[in-house]
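Chemist: Here it is, the structure in full.
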Number of protein chains: 2
Amino acid sequence: MSGKTVLIVDDEASIREMIAVALEMADYQCLEAADAREAHALIVDRQPDLILLDWMLPGTSGVELARRLKKEEVTAEIPIIMLTAKVEEDNKIQGLEVGADDYITKPFSPRELVARLKAVLRRATPAGVETPIEVDGLTLDPIGHRVSSASGALTMGPTEYRLLQFFMTHQERVYTRSQLLDQVWGGNVYVEERTVDVHIRRLRKALGDRYDHLIQTVRGTGYRFSTQAV
Amino acid sequence: MSGKTVLIVDDEASIREMIAVALEMADYQCLEAADAREAHALIVDRQPDLILLDWMLPGTSGVELARRLKKEEVTAEIPIIMLTAKVEEDNKIQGLEVGADDYITKPFSPRELVARLKAVLRRATPAGVETPIEVDGLTLDPIGHRVSSASGALTMGPTEYRLLQFFMTHQERVYTRSQLLDQVWGGNVYVEERTVDVHIRRLRKALGDRYDHLIQTVRGTGYRFSTQAV
DNA sequence: GAAGACTGTCACAATATTGTAACTTTATCC
DNA sequence: GGATAAAGTTACAATATTGTGACAGTCTTC
């Protein structure tokens, strides 16, 4: 249910597959890329929660890719774990500079990989997730799993809650129905796009007259959470 | 059964493991962290009863970490024992300032470690844990191991008591079934998640109509103890 | 060693949530 | 202004989640 998405970037298919199998057993969803280009496309498209990046890559090196990713706004906050044959001090320093969050030296056990990965994700998430988010008196408290306004608590279904949480952490940006299905429903569900509309409707209803204008329709595209008038 | 949770923060895995083995034999549950970040994540996540902190840490020093922890509300009352190669007066003063509760100089015997640790825990517990907790007339008295309301004593099984105690010391926060199993049943038991539901039911029943609303169901997630209406 | 309390699990009941289809309303384009 | 596409709404059946009572095994207590 909490299935985070992990992007595996390595040029050896066998290694990718080995990792993917291990991660899927631990309920992570996997994406695979063999080089920097593929990686980049998948990141933009699927917005993984974590990137497993091989130190050596054909063309651009892993370090170089990491550096590029950390510079871009979209990808800057995605944690990166470097896979390296042998961490040398030099590498480590270079890696830390570009912002890798952890290192794993090959060969490694699946158990270790999953453990490290959990640790990194745990470290990475709290900042954003544990703090209550407030907009115009509408507050979402992720710790208590509550939404409230001045006039009291708002009740809504789990999906509406997740939808609102996603929107409040990604304000002022339009998402297509398909992106919302990916982000809120989680990767590989087979659900009609119009279903999003229905949940948007339910969310608006739960928010009430006072706040339903925050969920804005962008005709022909999707929806947006915005504090600015349409 | 009284298994307290101890967080070991040291960058050397071998030392961590040595300590962990010693503590586990003495019926403590151990968590391990190699650096300040991991430590922080684990503290937030698992809320240990005591922290064993190495003086020297990569990046942030142990002293610095201790200072930070003592400042934060969540962690301020968790006792800290510093591990140092050799306590010099200078260190000691610095350490006392940041609020470490004891020092142990490496190398130390497991026996000594456990003894010191017990002493610190004995000293530390009264403040936080032995004080009765009261909510809306419902009182849990950890010393007498009793729960009472205006209309008299409430009886419940041991598990229900621990569950209530956990909830009353962690109010307004949602816990998943798996987290409750970790926290209330204790780390490594293999029990069905639905068992939590049954004990929640028993606890609610024991609390009676007057108080059972304090245990709230958060559909799709878990349970929460809250004085606020749903 | 028997009575009683406590636990964990199961099966079934009670609810809440979900996705979809069908229908209505609103915006857009010519 | 009418045709057409897109989004809003509602109702409903299917599904998922939680509540509840019962039961057998285990541990306590006297």
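Letters for chains follow the order of the structure tokens (A, B, ...), residue numbers begin at 1 for each chain, and ligand numbers begin at 1 in the order shown.
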Leaving out Ile133 of chain A and any residue of its chain fewer than 4 positions from it, which residues lie within 12 Å of it when counting only C-alpha atoms (C1' of nucleotides), given as a list in words?

Modeler: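 Listed by chain and then number, they are Ala127, Gly128, Val129, Gly137, Leu138, Thr139, Leu140, Asp141, Pro142, Ile143, His145, Arg146, Val147, Ser148, Ser149, Leu164, Gln165, Phe166, Phe167, Met168, Thr169, His170 and Gln171 of chain A.
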
Chemist: Determine, for each residue of chain A having at least one atom at most 9 Å from an atom of chain D, the closest pair of atoms and their separation in Å to one decimal, counting only C-alpha atoms (C1' of nucleotides); order by chain and ascending number, as a tab-separated table.

Modeler:
```
residue	atom	partner	partner_atom	distance
A:Asp197	CA	D:DA7	C1'	7.7
A:Val198	CA	D:DG8	C1'	8.6
A:Arg201	CA	D:DG8	C1'	7.6
A:Thr217	CA	D:DA7	C1'	8.3
A:Arg219	CA	D:DA6	C1'	7.1
A:Gly220	CA	D:DA6	C1'	6.9
```

Chemist: Near chain A, which residues of chain C fall within 12 Å when you count only C-alpha atoms (C1' of nucleotides), and what do they look like as a PyMOL selection string?

Modeler: chain C and resi 16-21+26-28

Chemist: Output as a tab-separated table one row per residue of chain B within 9 Å of chain A: the closest atom pair and its distance in Å to one decimal place, counting only C-alpha atoms, sorted by chain and residue number ascending.

Modeler:
```
residue	atom	partner	partner_atom	distance
B:Arg37	CA	A:Arg123	CA	7.0
B:Glu38	CA	A:Arg123	CA	7.0
B:His40	CA	A:Arg123	CA	8.1
B:Ala41	CA	A:Arg123	CA	5.5
B:Leu42	CA	A:Arg122	CA	8.7
B:Val44	CA	A:Pro126	CA	8.9
B:Asp45	CA	A:Arg122	CA	8.5
B:Gln171	CA	A:Gly144	CA	8.8
B:Glu172	CA	A:Gly144	CA	5.4
B:Arg173	CA	A:Gly144	CA	4.2
B:Val174	CA	A:Gly144	CA	5.1
B:Tyr175	CA	A:Gly144	CA	8.8
B:Val218	CA	A:His145	CA	7.8
B:Arg219	CA	A:Pro158	CA	6.9
B:Gly220	CA	A:Pro158	CA	6.3
B:Thr221	CA	A:Pro158	CA	8.3
B:Arg224	CA	A:Gly144	CA	7.4
B:Ser226	CA	A:Gly144	CA	8.8
B:Gln228	CA	A:Ala153	CA	8.9
B:Ala229	CA	A:Ala153	CA	7.9
B:Val230	CA	A:Ala153	CA	7.0
```

Chemist: Got a sec: who's within 12 Å of Ala36 of chain B, counting only C-alpha atoms (C1' of nucleotides), leaving out chain neighbours fewer than 6 positions off, as a list in words?

Modeler: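 Using only C-alpha atoms (C1' of nucleotides), the neighbours found are Arg123 of chain A; Leu7, Ile8, Val9, Asp10, Asp11, Leu42, Ile43, Ile51, Leu53, Asp54, Trp55, Met56, Leu57, Pro58, Gly59, Thr60, Ser61, Gly62, Val63, Glu64, Leu65, Ala66, Arg67, Arg68 and Leu69 of chain B.
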
Chemist: Would you save the residues of that selection, restricted to C-alpha atoms, as an mmCIF file, in the first residue's frame?

Modeler:
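File again-v4.cif, as written:
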```cif
data_model
loop_
_atom_site.group_PDB
_atom_site.id
_atom_site.type_symbol
_atom_site.label_atom_id
_atom_site.label_comp_id
_atom_site.auth_asym_id
_atom_site.auth_seq_id
_atom_site.Cartn_x
_atom_site.Cartn_y
_atom_site.Cartn_z
ATOM 1 C CA ARG A 123 15.155 10.006 6.476
ATOM 2 C CA LEU B 7 19.373 3.304 20.429
ATOM 3 C CA ILE B 8 23.066 2.791 19.770
ATOM 4 C CA VAL B 9 24.715 5.559 17.799
ATOM 5 C CA ASP B 10 28.240 4.772 16.718
ATOM 6 C CA ASP B 11 29.915 4.785 13.365
ATOM 7 C CA LEU B 42 15.091 6.147 14.369
ATOM 8 C CA ILE B 43 14.343 8.365 17.318
ATOM 9 C CA ILE B 51 20.370 6.656 23.688
ATOM 10 C CA LEU B 53 25.884 8.024 21.858
ATOM 11 C CA ASP B 54 29.447 7.895 20.683
ATOM 12 C CA TRP B 55 31.462 10.999 21.347
ATOM 13 C CA MET B 56 32.951 10.985 17.885
ATOM 14 C CA LEU B 57 30.685 10.783 14.888
ATOM 15 C CA PRO B 58 31.340 11.461 11.221
ATOM 16 C CA GLY B 59 29.921 14.792 10.173
ATOM 17 C CA THR B 60 28.173 16.063 13.240
ATOM 18 C CA SER B 61 29.959 15.241 16.470
ATOM 19 C CA GLY B 62 28.204 13.339 19.219
ATOM 20 C CA VAL B 63 28.179 16.403 21.427
ATOM 21 C CA GLU B 64 26.511 18.400 18.766
ATOM 22 C CA LEU B 65 23.895 15.716 18.232
ATOM 23 C CA ALA B 66 23.225 15.488 21.957
ATOM 24 C CA ARG B 67 22.715 19.219 22.126
ATOM 25 C CA ARG B 68 20.301 19.139 19.233
ATOM 26 C CA LEU B 69 18.335 16.257 20.709
#
```

Chemist: Residues of segment 159-191 of chain A in alpha helix (DSSP H) according to DSSP, as a CSV table (one decimal) with all heavy atoms, in the first residue's frame?

Modeler:
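This went into out15.csv:
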```csv
chain,number,residue,atom,x,y,z
A,159,THR,N,-9.1,7.9,0.1
A,159,THR,CA,-8.6,8.4,-1.1
A,159,THR,C,-8.6,9.9,-1.2
A,159,THR,O,-7.7,10.6,-1.7
A,159,THR,CB,-9.4,7.8,-2.3
A,159,THR,OG1,-9.4,6.4,-2.2
A,159,THR,CG2,-8.8,8.2,-3.6
A,160,GLU,N,-9.7,10.5,-0.7
A,160,GLU,CA,-9.8,12.0,-0.7
A,160,GLU,C,-8.7,12.6,0.2
A,160,GLU,O,-8.1,13.6,-0.2
A,160,GLU,CB,-11.2,12.4,-0.2
A,160,GLU,CG,-12.3,12.2,-1.2
A,160,GLU,CD,-12.6,10.7,-1.4
A,160,GLU,OE1,-13.0,10.1,-0.4
A,160,GLU,OE2,-12.5,10.3,-2.5
A,161,TYR,N,-8.4,11.9,1.3
A,161,TYR,CA,-7.3,12.4,2.1
A,161,TYR,C,-6.0,12.4,1.4
A,161,TYR,O,-5.3,13.4,1.4
A,161,TYR,CB,-7.3,11.6,3.4
A,161,TYR,CG,-6.1,12.0,4.3
A,161,TYR,CD1,-6.3,13.0,5.3
A,161,TYR,CD2,-4.9,11.4,4.2
A,161,TYR,CE1,-5.3,13.4,6.1
A,161,TYR,CE2,-3.8,11.8,5.0
A,161,TYR,CZ,-4.0,12.8,6.0
A,161,TYR,OH,-3.0,13.2,6.8
A,162,ARG,N,-5.7,11.3,0.8
A,162,ARG,CA,-4.4,11.2,0.0
A,162,ARG,C,-4.4,12.2,-1.1
A,162,ARG,O,-3.3,12.9,-1.3
A,162,ARG,CB,-4.3,9.8,-0.6
A,162,ARG,CG,-4.0,8.7,0.5
A,162,ARG,CD,-3.3,7.5,-0.2
A,162,ARG,NE,-4.1,7.0,-1.4
A,162,ARG,CZ,-5.1,6.2,-1.3
A,162,ARG,NH1,-5.6,5.8,-0.1
A,162,ARG,NH2,-5.7,5.8,-2.4
A,163,LEU,N,-5.5,12.4,-1.7
A,163,LEU,CA,-5.6,13.4,-2.8
A,163,LEU,C,-5.3,14.8,-2.3
A,163,LEU,O,-4.5,15.5,-2.8
A,163,LEU,CB,-7.0,13.3,-3.4
A,163,LEU,CG,-7.3,14.0,-4.8
A,163,LEU,CD1,-6.3,13.5,-5.8
A,163,LEU,CD2,-8.7,13.7,-5.2
A,164,LEU,N,-5.9,15.1,-1.2
A,164,LEU,CA,-5.7,16.4,-0.6
A,164,LEU,C,-4.3,16.6,-0.1
A,164,LEU,O,-3.7,17.6,-0.4
A,164,LEU,CB,-6.7,16.6,0.6
A,164,LEU,CG,-6.6,18.0,1.3
A,164,LEU,CD1,-6.9,19.1,0.3
A,164,LEU,CD2,-7.5,18.1,2.5
A,165,GLN,N,-3.7,15.6,0.5
A,165,GLN,CA,-2.4,15.7,0.9
A,165,GLN,C,-1.4,15.9,-0.2
A,165,GLN,O,-0.5,16.7,-0.2
A,165,GLN,CB,-2.0,14.4,1.7
A,165,GLN,CG,-0.5,14.4,2.1
A,165,GLN,CD,-0.2,13.3,3.1
A,165,GLN,OE1,-0.9,12.2,3.1
A,165,GLN,NE2,0.8,13.5,4.0
A,166,PHE,N,-1.7,15.1,-1.3
A,166,PHE,CA,-0.8,15.3,-2.5
A,166,PHE,C,-0.9,16.8,-3.0
A,166,PHE,O,0.1,17.4,-3.3
A,166,PHE,CB,-1.2,14.3,-3.6
A,166,PHE,CG,-0.4,14.6,-4.9
A,166,PHE,CD1,0.9,14.1,-4.9
A,166,PHE,CD2,-1.0,15.2,-5.9
A,166,PHE,CE1,1.6,14.4,-6.1
A,166,PHE,CE2,-0.3,15.4,-7.1
A,166,PHE,CZ,1.0,15.0,-7.2
A,167,PHE,N,-2.2,17.2,-3.1
A,167,PHE,CA,-2.4,18.6,-3.6
A,167,PHE,C,-1.7,19.6,-2.7
A,167,PHE,O,-1.1,20.6,-3.2
A,167,PHE,CB,-3.9,18.9,-3.8
A,167,PHE,CG,-4.4,18.5,-5.1
A,167,PHE,CD1,-5.6,17.8,-5.2
A,167,PHE,CD2,-3.8,18.8,-6.3
A,167,PHE,CE1,-6.1,17.4,-6.4
A,167,PHE,CE2,-4.3,18.5,-7.5
A,167,PHE,CZ,-5.5,17.8,-7.6
A,168,MET,N,-1.9,19.5,-1.4
A,168,MET,CA,-1.3,20.5,-0.5
A,168,MET,C,0.2,20.5,-0.5
A,168,MET,O,0.8,21.5,-0.2
A,168,MET,CB,-1.9,20.3,0.9
A,168,MET,CG,-3.4,20.7,0.9
A,168,MET,SD,-4.1,20.7,2.6
A,168,MET,CE,-3.6,22.3,3.2
A,169,THR,N,0.8,19.4,-0.8
A,169,THR,CA,2.2,19.3,-0.9
A,169,THR,C,2.7,19.7,-2.3
A,169,THR,O,3.9,19.7,-2.6
A,169,THR,CB,2.8,18.0,-0.5
A,169,THR,OG1,2.1,16.9,-1.2
A,169,THR,CG2,2.7,17.8,1.0
A,177,ARG,N,-5.1,13.8,-15.0
A,177,ARG,CA,-5.8,12.7,-14.3
A,177,ARG,C,-4.8,11.5,-14.2
A,177,ARG,O,-4.8,10.8,-13.2
A,177,ARG,CB,-7.0,12.3,-15.1
A,177,ARG,CG,-8.1,13.3,-15.0
A,177,ARG,CD,-9.3,13.0,-15.9
A,177,ARG,NE,-10.3,14.0,-15.7
A,177,ARG,CZ,-10.2,15.3,-16.2
A,177,ARG,NH1,-9.2,15.7,-16.9
A,177,ARG,NH2,-11.2,16.1,-16.0
A,178,SER,N,-4.1,11.3,-15.3
A,178,SER,CA,-3.2,10.1,-15.3
A,178,SER,C,-2.1,10.3,-14.3
A,178,SER,O,-1.7,9.4,-13.6
A,178,SER,CB,-2.7,9.9,-16.7
A,178,SER,OG,-1.3,9.6,-16.7
A,179,GLN,N,-1.6,11.5,-14.2
A,179,GLN,CA,-0.5,11.8,-13.1
A,179,GLN,C,-1.1,11.6,-11.7
A,179,GLN,O,-0.4,11.0,-10.9
A,179,GLN,CB,0.0,13.2,-13.3
A,179,GLN,CG,0.9,13.4,-14.5
A,179,GLN,CD,1.4,14.8,-14.7
A,179,GLN,OE1,0.5,15.7,-14.5
A,179,GLN,NE2,2.6,15.0,-15.0
A,180,LEU,N,-2.3,12.0,-11.5
A,180,LEU,CA,-2.9,11.9,-10.2
A,180,LEU,C,-3.1,10.4,-9.9
A,180,LEU,O,-2.9,9.9,-8.8
A,180,LEU,CB,-4.2,12.6,-10.2
A,180,LEU,CG,-4.1,14.1,-10.1
A,180,LEU,CD1,-5.4,14.8,-10.3
A,180,LEU,CD2,-3.4,14.6,-8.9
```

Chemist: Could you tell me how far atom CA of Ile15 of chain A lies from atom CA of Gly186 of chain A, in Å and to one decimal?

Modeler: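 Spanning atom CA of Ile15 of chain A to atom CA of Gly186 of chain A is a straight-line distance of 25.0 Å.
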
Chemist: Could you pull out all residues of segment 118-173 of chain B with a DSSP call of strand (DSSP E) and give them as a count of residues only?

Modeler: 14
